[in-house]
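The data block below is input-v7.txt; it holds compact mmCIF, C-alpha atoms (C1' of nucleotides).
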# COMPACT_ATOMS: atom_id res chain seq x y z
CA MET A 1 0.00 0.00 0.00
CA SER A 2 1.47 3.28 -1.11
CA THR A 3 0.74 5.57 1.77
CA ASP A 4 3.59 7.64 0.44
CA THR A 5 1.94 8.46 -2.87
CA ALA A 6 -1.29 9.36 -1.14
CA ARG A 7 0.61 11.71 1.15
CA ARG A 8 2.41 13.37 -1.75
CA LEU A 9 -0.93 13.92 -3.43
CA VAL A 10 -2.35 15.53 -0.29
CA ASP A 11 0.72 17.71 0.18
CA SER A 12 0.62 18.86 -3.43
CA MET A 13 -3.07 19.67 -3.15
CA ARG A 14 -2.39 21.62 0.07
CA GLU A 15 0.25 23.74 -1.64
CA LEU A 16 -1.90 24.40 -4.68
CA LEU A 17 -4.98 25.24 -2.60
CA TRP A 18 -2.87 27.82 -0.81
CA GLU A 19 -1.39 29.24 -4.03
CA ARG A 20 -4.31 29.10 -6.44
CA GLY A 21 -7.45 28.14 -4.54
CA TYR A 22 -9.80 25.23 -5.22
CA THR A 23 -11.30 26.50 -8.47
CA GLY A 24 -7.85 27.39 -9.78
CA THR A 25 -6.38 23.98 -9.00
CA SER A 26 -6.78 21.13 -11.51
CA PRO A 27 -6.20 17.47 -10.71
CA LYS A 28 -3.63 17.52 -13.51
CA ALA A 29 -1.59 20.20 -11.73
CA VAL A 30 -1.72 18.22 -8.49
CA LEU A 31 -0.58 15.05 -10.22
CA GLN A 32 2.31 16.80 -11.93
CA ARG A 33 3.51 18.33 -8.66
CA ALA A 34 3.18 15.00 -6.88
CA GLY A 35 4.83 13.11 -9.71
CA ALA A 36 1.95 10.68 -10.02
CA GLY A 37 -0.41 9.55 -12.75
CA GLN A 38 -4.18 9.82 -13.00
CA GLY A 39 -4.67 6.31 -11.72
CA SER A 40 -2.96 6.95 -8.40
CA MET A 41 -5.26 9.79 -7.51
CA TYR A 42 -8.45 7.95 -8.40
CA HIS A 43 -7.24 4.89 -6.54
CA HIS A 44 -6.68 6.74 -3.25
CA PHE A 45 -9.45 9.33 -3.58
CA SER A 46 -12.84 9.47 -5.21
CA GLY A 47 -11.90 12.67 -7.07
CA LYS A 48 -10.75 16.26 -6.77
CA ALA A 49 -13.20 17.16 -4.00
CA ASP A 50 -12.24 14.16 -1.90
CA LEU A 51 -8.52 14.88 -2.20
CA ALA A 52 -9.14 18.54 -1.38
CA GLN A 53 -11.05 17.54 1.71
CA SER A 54 -8.04 15.60 3.02
CA ALA A 55 -5.84 18.58 2.19
CA VAL A 56 -8.03 21.20 3.88
CA THR A 57 -8.53 19.03 6.94
CA ALA A 58 -4.78 18.52 7.31
CA THR A 59 -4.02 22.21 6.90
CA ALA A 60 -6.72 23.13 9.40
CA ALA A 61 -5.40 20.65 11.97
CA GLU A 62 -1.84 21.90 11.54
CA LEU A 63 -2.86 25.54 11.91
CA ARG A 64 -4.88 24.79 14.99
CA ALA A 65 -2.06 22.83 16.63
CA THR A 66 0.48 25.56 15.92
CA VAL A 67 -1.70 28.35 17.27
CA ASP A 68 -2.82 26.39 20.31
CA ALA A 69 0.77 25.62 21.25
CA GLN A 70 1.56 29.32 21.13
CA LEU A 71 -1.53 30.48 23.01
CA SER A 72 -1.25 27.77 25.66
CA ALA A 73 2.43 28.41 26.36
CA PRO A 74 3.51 29.80 29.73
CA GLY A 75 3.53 33.56 30.13
CA SER A 76 1.12 36.42 30.65
CA ALA A 77 -1.98 36.69 28.47
CA ARG A 78 -0.61 39.90 27.04
CA ASP A 79 2.66 38.27 26.02
CA ARG A 80 0.88 35.35 24.41
CA ILE A 81 -1.48 37.61 22.44
CA THR A 82 1.39 39.84 21.35
CA GLY A 83 3.49 36.83 20.46
CA TYR A 84 0.72 35.34 18.38
CA LEU A 85 -0.01 38.59 16.53
CA CYS A 86 3.68 39.23 15.81
CA ARG A 87 4.83 35.73 14.98
CA GLU A 88 6.61 35.00 11.71
CA ARG A 89 4.25 34.58 8.79
CA GLU A 90 4.49 34.13 5.06
CA VAL A 91 2.29 37.18 4.75
CA LEU A 92 2.14 37.44 0.96
CA ARG A 93 0.92 33.87 0.63
CA GLY A 94 -2.08 34.76 2.76
CA CYS A 95 -3.80 32.56 5.32
CA PRO A 96 -4.02 28.97 4.05
CA ILE A 97 -7.44 28.62 5.66
CA GLY A 98 -8.93 32.12 5.57
CA GLY A 99 -8.08 32.53 1.90
CA LEU A 100 -10.34 29.62 1.00
CA THR A 101 -13.43 31.55 2.09
CA GLN A 102 -13.18 33.51 -1.15
CA ASP A 103 -13.57 30.38 -3.27
CA ALA A 104 -17.27 30.03 -4.02
CA GLU A 105 -16.95 26.51 -5.39
CA LEU A 106 -15.17 25.27 -2.26
CA MET A 107 -17.60 27.03 0.07
CA ALA A 108 -20.54 25.45 -1.76
CA ASP A 109 -19.34 21.99 -0.68
CA PRO A 110 -20.24 21.40 2.97
CA ALA A 111 -17.44 18.86 3.45
CA LEU A 112 -14.84 21.36 2.25
CA ARG A 113 -16.35 24.32 4.01
CA ALA A 114 -16.73 22.75 7.45
CA PRO A 115 -13.03 22.62 8.43
CA VAL A 116 -12.62 26.24 7.32
CA ALA A 117 -15.60 27.43 9.35
CA GLU A 118 -14.62 25.38 12.39
CA THR A 119 -11.00 26.51 12.41
CA LEU A 120 -11.81 30.22 12.27
CA ALA A 121 -14.58 29.85 14.85
CA TRP A 122 -12.19 27.97 17.14
CA LEU A 123 -9.52 30.63 16.67
CA ARG A 124 -11.88 33.40 17.70
CA GLY A 125 -12.94 31.42 20.74
CA ARG A 126 -9.39 30.56 21.78
CA LEU A 127 -8.24 34.18 21.55
CA ALA A 128 -11.29 35.24 23.55
CA GLU A 129 -10.30 32.81 26.29
CA VAL A 130 -6.80 34.26 26.53
CA LEU A 131 -8.16 37.81 26.54
CA ALA A 132 -10.57 36.83 29.31
CA GLU A 133 -7.66 35.35 31.29
CA GLY A 134 -5.83 38.65 30.95
CA VAL A 135 -8.79 40.65 32.14
CA ALA A 136 -9.29 38.27 35.09
CA ALA A 137 -5.59 38.60 35.95
CA GLY A 138 -5.85 42.38 35.91
CA GLU A 139 -3.65 42.81 32.85
CA TRP A 140 -6.40 44.69 31.03
CA ARG A 141 -9.28 46.80 32.33
CA SER A 142 -12.57 44.99 32.67
CA SER A 143 -14.05 47.31 30.06
CA LEU A 144 -12.24 45.22 27.43
CA ASP A 145 -14.76 42.82 25.92
CA PRO A 146 -13.01 39.49 25.22
CA ASP A 147 -15.42 38.17 22.59
CA THR A 148 -15.74 41.14 20.29
CA THR A 149 -12.06 42.02 20.72
CA ALA A 150 -10.98 38.48 19.83
CA THR A 151 -13.00 38.63 16.63
CA THR A 152 -11.49 42.03 15.84
CA LEU A 153 -7.99 40.66 16.27
CA VAL A 154 -8.61 37.66 14.03
CA ALA A 155 -10.24 39.95 11.48
CA THR A 156 -7.23 42.27 11.64
CA LEU A 157 -4.95 39.40 10.73
CA GLN A 158 -7.19 38.11 7.96
CA GLY A 159 -7.65 41.61 6.58
CA GLY A 160 -3.94 42.28 6.98
CA TYR A 161 -3.27 39.45 4.55
CA VAL A 162 -5.72 40.99 2.08
CA LEU A 163 -4.07 44.41 2.25
CA ALA A 164 -0.59 42.94 2.01
CA ARG A 165 -1.45 40.90 -1.06
CA ALA A 166 -3.04 43.95 -2.67
CA ALA A 167 0.05 46.04 -1.97
CA GLY A 168 2.45 43.28 -2.87
CA SER A 169 4.23 43.94 0.41
CA PRO A 170 3.98 42.72 4.02
CA GLU A 171 3.98 46.33 5.22
CA PRO A 172 0.18 46.79 5.52
CA PHE A 173 -0.05 43.56 7.49
CA ASP A 174 2.57 44.75 9.96
CA GLN A 175 0.87 48.13 10.17
CA ALA A 176 -2.51 46.54 10.86
CA VAL A 177 -0.99 44.49 13.68
CA ALA A 178 0.83 47.51 15.08
CA GLY A 179 -2.40 49.50 15.05
CA ALA A 180 -4.26 46.73 16.85
CA LEU A 181 -1.58 46.47 19.51
CA GLY A 182 -1.71 50.25 19.93
CA LEU A 183 -5.46 50.16 20.46
CA LEU A 184 -5.17 47.25 22.87
CA ALA A 185 -2.50 49.05 24.86
CA ALA A 186 -5.01 51.66 25.92
CA PHE A 187 -6.66 49.00 28.09
CA GLN A 188 -3.51 48.09 30.00
CA VAL A 189 -3.74 48.66 33.70
CA MET B 1 -22.74 51.45 -31.97
CA SER B 2 -24.10 49.34 -29.19
CA THR B 3 -22.84 50.99 -26.06
CA ASP B 4 -25.68 49.22 -24.32
CA THR B 5 -24.40 45.72 -25.06
CA ALA B 6 -20.91 46.69 -23.93
CA ARG B 7 -22.31 47.99 -20.68
CA ARG B 8 -24.34 44.85 -20.08
CA LEU B 9 -21.19 42.80 -20.62
CA VAL B 10 -19.27 44.90 -18.10
CA ASP B 11 -22.09 44.72 -15.57
CA SER B 12 -22.36 40.95 -15.93
CA MET B 13 -18.61 40.58 -15.52
CA ARG B 14 -18.72 42.79 -12.41
CA GLU B 15 -21.38 40.60 -10.83
CA LEU B 16 -19.57 37.38 -11.66
CA LEU B 17 -16.19 38.67 -10.46
CA TRP B 18 -17.87 39.43 -7.15
CA GLU B 19 -19.61 36.06 -6.93
CA ARG B 20 -17.05 33.67 -8.34
CA GLY B 21 -13.77 35.55 -8.86
CA TYR B 22 -11.77 35.91 -12.06
CA THR B 23 -10.58 32.31 -12.35
CA GLY B 24 -14.08 31.03 -11.65
CA THR B 25 -15.72 33.22 -14.28
CA SER B 26 -15.86 32.05 -17.90
CA PRO B 27 -16.63 34.30 -20.85
CA LYS B 28 -19.52 31.96 -21.58
CA ALA B 29 -21.10 32.66 -18.20
CA VAL B 30 -20.72 36.40 -18.74
CA LEU B 31 -22.33 36.18 -22.18
CA GLN B 32 -25.26 34.15 -20.88
CA ARG B 33 -25.92 36.64 -18.07
CA ALA B 34 -25.63 39.56 -20.46
CA GLY B 35 -27.78 37.87 -23.07
CA ALA B 36 -25.17 38.34 -25.77
CA GLY B 37 -23.28 36.09 -28.17
CA GLN B 38 -19.57 35.42 -28.49
CA GLY B 39 -19.19 37.95 -31.29
CA SER B 40 -20.40 40.88 -29.18
CA MET B 41 -17.80 40.37 -26.53
CA TYR B 42 -14.88 39.99 -28.93
CA HIS B 43 -16.08 43.01 -30.87
CA HIS B 44 -16.05 45.33 -27.83
CA PHE B 45 -13.18 43.75 -25.92
CA SER B 46 -10.01 41.92 -26.82
CA GLY B 47 -10.91 39.05 -24.50
CA LYS B 48 -11.72 37.98 -20.97
CA ALA B 49 -8.90 39.96 -19.35
CA ASP B 50 -9.81 43.16 -21.18
CA LEU B 51 -13.47 42.91 -20.18
CA ALA B 52 -12.47 42.14 -16.60
CA GLN B 53 -10.28 45.21 -16.54
CA SER B 54 -13.23 47.41 -17.44
CA ALA B 55 -15.29 45.65 -14.78
CA VAL B 56 -12.72 45.96 -11.98
CA THR B 57 -12.02 49.58 -12.84
CA ALA B 58 -15.72 50.43 -12.70
CA THR B 59 -16.23 48.63 -9.40
CA ALA B 60 -13.19 50.33 -7.90
CA ALA B 61 -14.38 53.78 -9.01
CA GLU B 62 -17.84 53.17 -7.60
CA LEU B 63 -16.50 51.98 -4.26
CA ARG B 64 -14.18 54.91 -3.97
CA ALA B 65 -16.93 57.41 -4.79
CA THR B 66 -19.31 55.88 -2.28
CA VAL B 67 -16.79 55.81 0.53
CA ASP B 68 -15.46 59.28 -0.20
CA ALA B 69 -18.96 60.75 -0.10
CA GLN B 70 -19.48 59.21 3.32
CA LEU B 71 -16.10 60.21 4.76
CA SER B 72 -16.27 63.75 3.35
CA ALA B 73 -19.78 64.42 4.64
CA PRO B 74 -20.34 67.03 7.35
CA GLY B 75 -20.03 65.87 10.95
CA SER B 76 -17.35 65.02 13.47
CA ALA B 77 -14.53 62.69 12.50
CA ARG B 78 -15.80 60.18 15.01
CA ASP B 79 -19.29 60.18 13.53
CA ARG B 80 -17.94 59.73 10.03
CA ILE B 81 -15.68 56.84 11.04
CA THR B 82 -18.47 55.18 12.98
CA GLY B 83 -20.89 55.75 10.14
CA TYR B 84 -18.51 54.22 7.64
CA LEU B 85 -17.76 51.18 9.79
CA CYS B 86 -21.43 50.56 10.54
CA ARG B 87 -22.94 51.29 7.14
CA GLU B 88 -25.16 48.76 5.43
CA ARG B 89 -23.20 46.07 3.61
CA GLU B 90 -23.93 42.85 1.78
CA VAL B 91 -21.57 41.17 4.19
CA LEU B 92 -21.86 37.61 2.94
CA ARG B 93 -20.98 38.64 -0.60
CA GLY B 94 -17.67 39.98 0.67
CA CYS B 95 -15.84 43.07 -0.53
CA PRO B 96 -16.07 43.34 -4.34
CA ILE B 97 -12.50 44.67 -4.44
CA GLY B 98 -10.76 43.07 -1.47
CA GLY B 99 -12.02 39.62 -2.42
CA LEU B 100 -10.13 39.78 -5.70
CA THR B 101 -6.77 39.75 -3.89
CA GLN B 102 -7.26 36.03 -3.32
CA ASP B 103 -7.38 35.31 -7.06
CA ALA B 104 -3.83 34.48 -8.12
CA GLU B 105 -4.60 34.64 -11.83
CA LEU B 106 -6.07 38.14 -11.52
CA MET B 107 -3.27 39.38 -9.30
CA ALA B 108 -0.70 38.11 -11.80
CA ASP B 109 -2.02 40.56 -14.40
CA PRO B 110 -0.73 44.07 -13.63
CA ALA B 111 -3.64 45.73 -15.43
CA LEU B 112 -6.16 43.85 -13.28
CA ARG B 113 -4.23 44.16 -10.07
CA ALA B 114 -3.55 47.90 -10.22
CA PRO B 115 -7.09 49.13 -9.52
CA VAL B 116 -7.35 46.71 -6.59
CA ALA B 117 -4.07 47.86 -5.07
CA GLU B 118 -4.83 51.53 -5.64
CA THR B 119 -8.32 51.37 -4.17
CA LEU B 120 -7.24 49.70 -0.93
CA ALA B 121 -4.22 52.00 -0.58
CA TRP B 122 -6.46 55.01 -1.12
CA LEU B 123 -8.95 53.74 1.45
CA ARG B 124 -6.27 53.37 4.12
CA GLY B 125 -5.03 56.88 3.36
CA ARG B 126 -8.48 58.44 3.40
CA LEU B 127 -9.35 56.86 6.75
CA ALA B 128 -6.01 58.03 8.13
CA GLU B 129 -6.87 61.58 7.11
CA VAL B 130 -10.19 61.48 8.94
CA LEU B 131 -8.56 59.97 12.02
CA ALA B 132 -5.91 62.71 11.93
CA GLU B 133 -8.67 65.31 11.69
CA GLY B 134 -10.29 63.84 14.78
CA VAL B 135 -7.04 63.90 16.72
CA ALA B 136 -6.39 67.49 15.64
CA ALA B 137 -9.90 68.44 16.72
CA GLY B 138 -9.36 66.88 20.14
CA GLU B 139 -11.87 64.09 19.57
CA TRP B 140 -9.23 61.46 20.27
CA ARG B 141 -6.06 61.57 22.35
CA SER B 142 -2.89 62.35 20.45
CA SER B 143 -1.57 58.91 21.37
CA LEU B 144 -3.83 57.50 18.65
CA ASP B 145 -1.72 56.89 15.55
CA PRO B 146 -3.81 57.72 12.45
CA ASP B 147 -1.83 55.66 9.93
CA THR B 148 -1.56 52.33 11.72
CA THR B 149 -5.07 52.67 13.13
CA ALA B 150 -6.52 53.35 9.68
CA THR B 151 -4.88 50.21 8.33
CA THR B 152 -6.21 48.26 11.30
CA LEU B 153 -9.75 49.49 10.63
CA VAL B 154 -9.62 48.59 6.93
CA ALA B 155 -8.14 45.20 7.84
CA THR B 156 -10.91 44.67 10.38
CA LEU B 157 -13.52 45.17 7.68
CA GLN B 158 -11.72 42.98 5.14
CA GLY B 159 -11.16 40.28 7.75
CA GLY B 160 -14.72 40.66 8.96
CA TYR B 161 -15.90 39.64 5.51
CA VAL B 162 -13.65 36.57 5.66
CA LEU B 163 -15.00 35.48 9.05
CA ALA B 164 -18.59 36.13 8.03
CA ARG B 165 -18.26 34.08 4.85
CA ALA B 166 -16.65 31.27 6.83
CA ALA B 167 -19.45 31.32 9.39
CA GLY B 168 -22.18 31.78 6.81
CA SER B 169 -23.48 34.66 8.91
CA PRO B 170 -22.89 38.42 9.17
CA GLU B 171 -22.45 38.07 12.92
CA PRO B 172 -18.62 37.86 13.02
CA PHE B 173 -18.41 40.93 10.80
CA ASP B 174 -20.61 42.91 13.16
CA GLN B 175 -18.65 41.62 16.13
CA ALA B 176 -15.34 42.63 14.56
CA VAL B 177 -16.67 46.14 13.94
CA ALA B 178 -18.07 46.34 17.48
CA GLY B 179 -14.73 45.27 18.89
CA ALA B 180 -12.87 47.86 16.85
CA LEU B 181 -15.24 50.60 17.97
CA GLY B 182 -14.78 49.47 21.57
CA LEU B 183 -11.00 49.69 21.26
CA LEU B 184 -11.22 53.08 19.57
CA ALA B 185 -13.49 54.40 22.30
CA ALA B 186 -10.65 54.11 24.81
CA PHE B 187 -8.98 57.01 23.03
CA GLN B 188 -11.92 59.38 23.33
CA VAL B 189 -11.22 62.51 25.28
C1' DG C 1 -22.58 44.92 -34.41
C1' DT C 2 -24.15 40.53 -33.69
C1' DC C 3 -24.68 35.90 -34.81
C1' DT C 4 -23.29 30.79 -35.36
C1' DA C 5 -19.70 27.51 -36.44
C1' DT C 6 -15.54 25.80 -35.42
C1' DA C 7 -11.02 24.91 -33.25
C1' DA C 8 -7.18 23.24 -30.04
C1' DG C 9 -6.61 22.35 -25.69
C1' DA C 10 -7.78 21.76 -20.59
C1' DC C 11 -11.00 19.75 -17.27
C1' DG C 12 -12.64 15.96 -14.41
C1' DA C 13 -13.51 11.31 -14.55
C1' DT C 14 -13.50 6.33 -16.20
C1' DA C 15 -11.67 1.92 -18.32
C1' DG C 16 -8.73 -1.46 -18.61
C1' DA C 17 -3.84 -3.11 -19.21
C1' DC C 18 0.02 -4.32 -16.39
C1' DG D 1 -1.11 0.46 -7.11
C1' DT D 2 0.09 2.73 -11.02
C1' DC D 3 0.05 3.43 -15.75
C1' DT D 4 -1.91 5.04 -20.43
C1' DA D 5 -5.91 5.60 -23.32
C1' DT D 6 -10.14 7.48 -23.85
C1' DC D 7 -14.44 10.07 -22.98
C1' DG D 8 -17.70 14.03 -23.01
C1' DT D 9 -17.68 18.61 -21.60
C1' DC D 10 -16.03 23.20 -20.97
C1' DT D 11 -12.73 27.03 -22.07
C1' DT D 12 -10.98 30.80 -24.67
C1' DA D 13 -10.59 32.45 -28.98
C1' DT D 14 -11.08 32.93 -34.19
C1' DA D 15 -13.64 32.82 -38.71
C1' DG D 16 -16.87 34.20 -41.47
C1' DA D 17 -21.94 34.81 -42.56
C1' DC D 18 -25.48 38.25 -42.06

What would you get if you wrote out this structure as structure tokens?
Amino acid sequence: MSTDTARRLVDSMRELLWERGYTGTSPKAVLQRAGAGQGSMYHHFSGKADLAQSAVTATAAELRATVDAQLSAPGSARDRITGYLCREREVLRGCPIGGLTQDAELMADPALRAPVAETLAWLRGRLAEVLAEGVAAGEWRSSLDPDTTATTLVATLQGGYVLARAAGSPEPFDQAVAGALGLLAAFQV
Amino acid sequence: MSTDTARRLVDSMRELLWERGYTGTSPKAVLQRAGAGQGSMYHHFSGKADLAQSAVTATAAELRATVDAQLSAPGSARDRITGYLCREREVLRGCPIGGLTQDAELMADPALRAPVAETLAWLRGRLAEVLAEGVAAGEWRSSLDPDTTATTLVATLQGGYVLARAAGSPEPFDQAVAGALGLLAAFQV
DNA sequence: GTCTATAAGACGATAGAC
DNA sequence: GTCTATCGTCTTATAGAC
């Protein structure tokens, strides 16, 4: 059993979904990148949608694990939030999950859409938890609303990618993050 | 000369670019929506890219005019910013300009990318001007940085669209805006 | 100006040999 | 398990009639 070929197919699909989206990615392009023939793909998967589902699920799981490790690390809530917002990113490539929301064909398929929706919903919730910890610990004033602020921070990142891609430079992303941190700083005790 | 057919083609392309992106939009789909034949399109435009350029340019101009009217209206800077952030939007359709940044094929064409880049850069600058007015007028503390904050606000909107589309509900968009307004309120004098 | 006909190639999937 | 061959459809564009 060639688990290896299946994995190369999934990895190739993950890369292409990130670069060109679901609509812009053909099975042929995936096969070429993976160095496999038509038969391999249709042996391991029922088709393009099925392979994409494995790819999106894997990317979502990886993103979630990475973020959770960072947000669950030791340190103050403020340090963890700042660290997450300022961590290294391949800004111009965009968010491998958030970017998929723009693909109508992908979003029309419940199996493909679900991991995207769940990951972003989880992210908002996880950030809200950390913000709430910070408020409870007296790091921020209690007038800071954890839920709406968490959504604003996630939106800032997602929108930062959009502005950076438009500009062809990471600068707007960094500026968006800097602005958010500046606004958040007003709530420090 | 059938200016009318050309306009219907542009309008149809504008709608489809918004709904399905550049890669996901075929000339055939545009022609069907416009009720025209192949010949009409290739008479008025050199091809798909040329028609799309007219469409993107028109959408960009319209967005810019709408926003500028709102941000240049009479009233305090704070009211204008709040009004802009809270204005009626077809949230689940996403931003007709910002959404295009996710389309690699469109962004690879300088003629198609330029109006997208210019519109979002202009928007950041225009919001920064209004924020600076507000600071100068004593509406916000001088510790509020107009440039980074403007980028954060535009990113919040763009990211709000992403989160709303993922969730299939306008709620995350509204929450992101509410969070941003809450953060901004801390700078009120 | 607009139409239909046509073209070469890509798309997504299937069949069947090995 | 993987390959090549093949299928019917769609894509983008051109040709030429009207």

Thr156 in chain A surroundings by all atoms listed in the file, 9 Å radius, close-in-sequence under 3 positions cut, as a list in words: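 Final neighbour list, sorted by chain and number: Thr151, Thr152, Leu153, Gly159, Gly160, Tyr161, Phe173, Ala176, Val177 and Ala180 of chain A; Thr151, Thr152, Leu153, Val154, Ala155, Thr156, Leu157, Gln158, Gly159, Gly160 and Ala176 of chain B.
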
Which polymer residues have any atom within 10 Å of an atom of DT12 in chain D, counting all atoms listed in the file, with same-chain residues fewer than 2 positions away left out, as number ranges by chain? B: 26-28, 47-48; C: 9; D: 10, 14

CA of Pro170 in chain B and CA of Thr57 in chain A are how many Å apart?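 It comes out at 24.2 Å.
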
Report as a ChimeraX atom specification the set of chain B residues whose atoms approach chain C to within 10 Å, with distances computed over all atoms listed in the file. /B:1-2,5,36-41,43-44

Selected residues, C-alpha atoms, written as a PDB file, keeping the file's coordinate frame, please.
ATOM      1  CA  MET B   1     -22.740  51.450 -31.970  1.00  0.00           C
ATOM      2  CA  SER B   2     -24.100  49.340 -29.190  1.00  0.00           C
ATOM      3  CA  THR B   5     -24.400  45.720 -25.060  1.00  0.00           C
ATOM      4  CA  ALA B  36     -25.170  38.340 -25.770  1.00  0.00           C
ATOM      5  CA  GLY B  37     -23.280  36.090 -28.170  1.00  0.00           C
ATOM      6  CA  GLN B  38     -19.570  35.420 -28.490  1.00  0.00           C
ATOM      7  CA  GLY B  39     -19.190  37.950 -31.290  1.00  0.00           C
ATOM      8  CA  SER B  40     -20.400  40.880 -29.180  1.00  0.00           C
ATOM      9  CA  MET B  41     -17.800  40.370 -26.530  1.00  0.00           C
ATOM     10  CA  HIS B  43     -16.080  43.010 -30.870  1.00  0.00           C
ATOM     11  CA  HIS B  44     -16.050  45.330 -27.830  1.00  0.00           C
TER      12      HIS B  44
END

List as a tab-separated table every residue of chain D that is in contact with chain A, defined as an atom at most 10 Å from one of its atoms (using only C-alpha atoms (C1' of nucleotides)), together with the nearest atom pair and the distance in Å rounded to one decimal, sorted by chain and then rising number.
residue	atom	partner	partner_atom	distance
D:DG1	C1'	A:Ser40	CA	6.9
D:DT2	C1'	A:Ser40	CA	5.8
D:DC3	C1'	A:Gly37	CA	6.8
D:DT4	C1'	A:Gly37	CA	9.0

Distance-based interface of chain A with chain B, 7 Å, counting all atoms listed in the file, as a count of residues only: 37

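Across the model, the gap from CA of Trp122 in chain B to CA of Leu106 in chain B is 19.8 Å.
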
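Separating CA of Gly75 in chain A from CA of Ala61 in chain A is a distance of 24.0 Å.
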
Can you report as lines of an AutoDock Vina configuration file the centre and edge lengths in Å, to one decimal, of an axis-aligned box around the listed atoms of range 169-188 of chain A padded with 8 Å on each side?
center_x = -1.2
center_y = 47.2
center_z = 15.2
size_x = 26.9
size_y = 24.9
size_z = 45.6

If you count only C-alpha atoms (C1' of nucleotides), which residues fall within 8 Å of Ala77 in chain A, apart from same-chain ones fewer than 5 positions away, as a ChimeraX atom specification? /A:130-131,133-134,139

Preceding selection exported with C-alpha atoms as an mmCIF file, in the coordinates of the input:
data_model
loop_
_atom_site.group_PDB
_atom_site.id
_atom_site.type_symbol
_atom_site.label_atom_id
_atom_site.label_comp_id
_atom_site.auth_asym_id
_atom_site.auth_seq_id
_atom_site.Cartn_x
_atom_site.Cartn_y
_atom_site.Cartn_z
ATOM 1 C CA VAL A 130 -6.800 34.260 26.530
ATOM 2 C CA LEU A 131 -8.160 37.810 26.540
ATOM 3 C CA GLU A 133 -7.660 35.350 31.290
ATOM 4 C CA GLY A 134 -5.830 38.650 30.950
ATOM 5 C CA GLU A 139 -3.650 42.810 32.850
#

Best match for closeness to Leu9 in chain A among A:Leu127, A:Ala49, A:Ala55, A:Ile81, counting all atoms listed in the file: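 For Leu9 in chain A, the nearest of the given residues is A:Ala55.
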
What residues have an atom no more than 12 Å from (-4.8, 26.1, 22.5) in the file's own frame, counting only C-alpha atoms (C1' of nucleotides), and can you write them as a list of chain:residue names? A:Ala61, A:Leu63, A:Arg64, A:Ala65, A:Thr66, A:Val67, A:Asp68, A:Ala69, A:Gln70, A:Leu71, A:Ser72, A:Ala73, A:Pro74, A:Arg80, A:Ile81, A:Tyr84, A:Thr119, A:Trp122, A:Leu123, A:Arg124, A:Gly125, A:Arg126, A:Leu127, A:Ala128, A:Glu129, A:Val130

Please reconstruct the missing atoms of range 44-55 of chain A (target: N, CA and C atoms) and return them as a PDB file, in the frame of the given file.
ATOM      1  N   HIS A  44      -6.690   6.349  -4.673  1.00  0.00           N
ATOM      2  CA  HIS A  44      -6.680   6.740  -3.250  1.00  0.00           C
ATOM      3  C   HIS A  44      -7.842   7.650  -2.874  1.00  0.00           C
ATOM      4  N   PHE A  45      -8.365   8.375  -3.869  1.00  0.00           N
ATOM      5  CA  PHE A  45      -9.450   9.330  -3.580  1.00  0.00           C
ATOM      6  C   PHE A  45     -10.540   9.191  -4.625  1.00  0.00           C
ATOM      7  N   SER A  46     -11.725   9.610  -4.265  1.00  0.00           N
ATOM      8  CA  SER A  46     -12.840   9.470  -5.210  1.00  0.00           C
ATOM      9  C   SER A  46     -12.784  10.556  -6.286  1.00  0.00           C
ATOM     10  N   GLY A  47     -11.987  11.595  -6.069  1.00  0.00           N
ATOM     11  CA  GLY A  47     -11.900  12.670  -7.070  1.00  0.00           C
ATOM     12  C   GLY A  47     -11.276  13.909  -6.460  1.00  0.00           C
ATOM     13  N   LYS A  48     -11.353  14.990  -7.194  1.00  0.00           N
ATOM     14  CA  LYS A  48     -10.750  16.260  -6.770  1.00  0.00           C
ATOM     15  C   LYS A  48     -11.278  16.721  -5.415  1.00  0.00           C
ATOM     16  N   ALA A  49     -12.594  16.670  -5.243  1.00  0.00           N
ATOM     17  CA  ALA A  49     -13.200  17.160  -4.000  1.00  0.00           C
ATOM     18  C   ALA A  49     -12.729  16.343  -2.802  1.00  0.00           C
ATOM     19  N   ASP A  50     -12.639  15.039  -2.998  1.00  0.00           N
ATOM     20  CA  ASP A  50     -12.240  14.160  -1.900  1.00  0.00           C
ATOM     21  C   ASP A  50     -10.789  14.424  -1.490  1.00  0.00           C
ATOM     22  N   LEU A  51      -9.920  14.563  -2.487  1.00  0.00           N
ATOM     23  CA  LEU A  51      -8.520  14.880  -2.200  1.00  0.00           C
ATOM     24  C   LEU A  51      -8.403  16.245  -1.505  1.00  0.00           C
ATOM     25  N   ALA A  52      -9.179  17.200  -1.991  1.00  0.00           N
ATOM     26  CA  ALA A  52      -9.140  18.540  -1.380  1.00  0.00           C
ATOM     27  C   ALA A  52      -9.614  18.492   0.067  1.00  0.00           C
ATOM     28  N   GLN A  53     -10.567  17.631   0.333  1.00  0.00           N
ATOM     29  CA  GLN A  53     -11.050  17.540   1.710  1.00  0.00           C
ATOM     30  C   GLN A  53      -9.943  17.070   2.646  1.00  0.00           C
ATOM     31  N   SER A  54      -9.183  16.060   2.222  1.00  0.00           N
ATOM     32  CA  SER A  54      -8.040  15.600   3.020  1.00  0.00           C
ATOM     33  C   SER A  54      -7.038  16.737   3.203  1.00  0.00           C
ATOM     34  N   ALA A  55      -6.824  17.488   2.143  1.00  0.00           N
ATOM     35  CA  ALA A  55      -5.840  18.580   2.190  1.00  0.00           C
ATOM     36  C   ALA A  55      -6.285  19.678   3.152  1.00  0.00           C
TER      37      ALA A  55
END
